[in-house]
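Below: the structure, in structure tokens.
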Amino acid sequence: MKNFKISHRTTSGYDILELEGELDAHTASQLEDALRQLINEDKANIIVNCRELDYIASAGLGVFMAYIEDVRGTGGDIKLTNMNEKVYSVFDLLGFPTLYDILEDERDAIEKFSSEA
Amino acid sequence: MKKTATYHITVGASTRNLSVVREFVTEHTKAEGFSDTVVSDVCLAVDEAYTNIIKHAYKFDPTKKVEVDLEFDPEKVCVCLTDTGKSFDKSSYTVPDIPKQIKNKKRGGMGVFLIQKLMDRVDYKTRDSENEIKMYKKRETES
């Protein structure tokens, strides 16, 4: 079985989740746990870096759908960055680019957060 | 190129096996000369169909089996997934309203939508106690 890994770090006060591997109906619960933990800790400015994410199925997108309102409700956001073309195309097929901030890289996400503050 | 080729695996209905099914589909569609884009599309469609069977047809019972058949001919690939669980009622399916679902913190319904977007043709059939989803993808995509 291919691995899926999440690592968490903070940069300039922003919480960054780095995804690695394949996000499907089996591994989506790991992302769910990580997001829920940040939300429980009242973290509102979350960046999900997808640089090492090789694959995503709709179960993975479902996690973002389930938690974005909670985060936005506290004045924050979940911004997605560094997607490869294949992963982006799945988000695109479902119309996510008009609903979520999907940015080139982390710096863009941080700038966007700063401009919204 | 072989005129036709068929491949088969039987897997337990568990999300643990998703990567096994994806590898099976990827390996053979690549070997049959399909482009990377088409291989990815077919792989995701099969993942979504198999996930739906695990969740909805078998309610996460890993003792249940899913048959996965790949059939190649010179023009296309046909992937067939067969289960003996609760059948999918296509008439009750509506295209997901993603903005509304986000507001209501709901997910779901996206798999069927993706399958239809990714594949050229999708047929559902229930005969006796067997459900079958057949998904077709042409070798060459029109872009």
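Order determines the names: the first chain of the structure tokens is A, the second B, and so forth; residues in each chain are numbered 1 upward, and ligands are numbered 1 upward as they are shown.
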**Prompt:** chain B residues within 12 Å of chain A, counting only C-alpha atoms: which ones, as a ChimeraX atom specification?
**Reply:** /B:13-23,36-41,43-55,60,95-118
**Message:** Can you pull out every residue from chain A that DSSP, working from the backbone, puts in strand (DSSP E), and format the result as a PyMOL selection string?
**Reply:** chain A and resi 4-11+14-23+45-56+77-81+102-103
Selection export as a CSV table (one decimal), in the first residue's frame, atoms kept: C-alpha atoms:
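Generated file (part.csv):
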```csv
chain,number,residue,atom,x,y,z
A,4,PHE,CA,0.1,8.9,2.8
A,5,LYS,CA,1.7,11.2,5.3
A,6,ILE,CA,0.9,14.6,6.8
A,7,SER,CA,3.4,16.8,8.5
A,8,HIS,CA,2.6,20.0,10.4
A,9,ARG,CA,4.7,23.1,10.9
A,10,THR,CA,4.2,26.7,11.5
A,11,THR,CA,5.6,29.6,9.4
A,14,TYR,CA,0.5,30.2,9.8
A,15,ASP,CA,-0.2,26.5,10.2
A,16,ILE,CA,1.0,24.5,7.3
A,17,LEU,CA,0.0,20.9,6.6
A,18,GLU,CA,2.2,19.2,4.1
A,19,LEU,CA,0.5,16.3,2.3
A,20,GLU,CA,2.5,13.5,0.8
A,21,GLY,CA,1.4,10.4,-1.2
A,22,GLU,CA,-2.1,9.3,-2.1
A,23,LEU,CA,-5.2,10.8,-0.6
A,45,ASN,CA,-5.1,30.4,9.1
A,46,ILE,CA,-4.3,27.0,7.5
A,47,ILE,CA,-2.2,26.4,4.5
A,48,VAL,CA,-2.3,22.9,2.9
A,49,ASN,CA,0.8,22.4,0.8
A,50,CYS,CA,0.2,19.7,-1.8
A,51,ARG,CA,3.7,19.6,-3.3
A,52,GLU,CA,4.2,15.9,-2.5
A,53,LEU,CA,0.6,14.9,-3.0
A,54,ASP,CA,0.6,12.4,-5.9
A,55,TYR,CA,-3.1,11.6,-6.1
A,56,ILE,CA,-6.4,12.7,-4.8
A,77,ASP,CA,-9.4,30.1,5.7
A,78,ILE,CA,-7.9,26.9,4.3
A,79,LYS,CA,-5.7,27.8,1.4
A,80,LEU,CA,-4.3,25.1,-0.9
A,81,THR,CA,-0.9,25.4,-2.6
A,102,ILE,CA,-5.7,27.4,-4.7
A,103,LEU,CA,-2.3,29.1,-5.1
```
Could you give me, as CSV, every region 29-142 of chain B residue with an atom at most 10 Å from region 3-7 of chain B, plus its closest atom pair and distance in Å to one decimal, counting only C-alpha atoms, rows ordered by chain then number?
```
residue,atom,partner,partner_atom,distance
B:Glu32,CA,B:Ala5,CA,9.0
B:Val68,CA,B:Tyr7,CA,8.3
B:Asp69,CA,B:Tyr7,CA,5.8
B:Leu70,CA,B:Tyr7,CA,5.1
B:Glu71,CA,B:Thr6,CA,4.4
B:Phe72,CA,B:Ala5,CA,5.2
B:Asp73,CA,B:Thr4,CA,4.5
B:Pro74,CA,B:Lys3,CA,6.2
B:Glu75,CA,B:Lys3,CA,9.7
B:Lys76,CA,B:Thr4,CA,9.9
B:Val77,CA,B:Ala5,CA,9.5
B:Cys78,CA,B:Thr6,CA,9.4
B:Val79,CA,B:Tyr7,CA,9.6
```
**Item:** Separation of CA of Lys86 (chain B) from CA of Arg127 (chain B) in Å
**Value:**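 Computing the Euclidean distance for CA of Arg127 (chain B) and CA of Lys86 (chain B) yields 12.0 Å.
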**Two-atom distance - CA of Glu140 (chain B), CA of Thr10 (chain B) (Å)** =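 Going from CA of Glu140 (chain B) over to CA of Thr10 (chain B), I get 28.3 Å.
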**Request:** Quote the spacing between CA of Ser129 (chain B) and CA of Pro62 (chain B) in Å to one decimal place.
**Result:**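 CA of Pro62 (chain B) lies 18.3 Å from CA of Ser129 (chain B).
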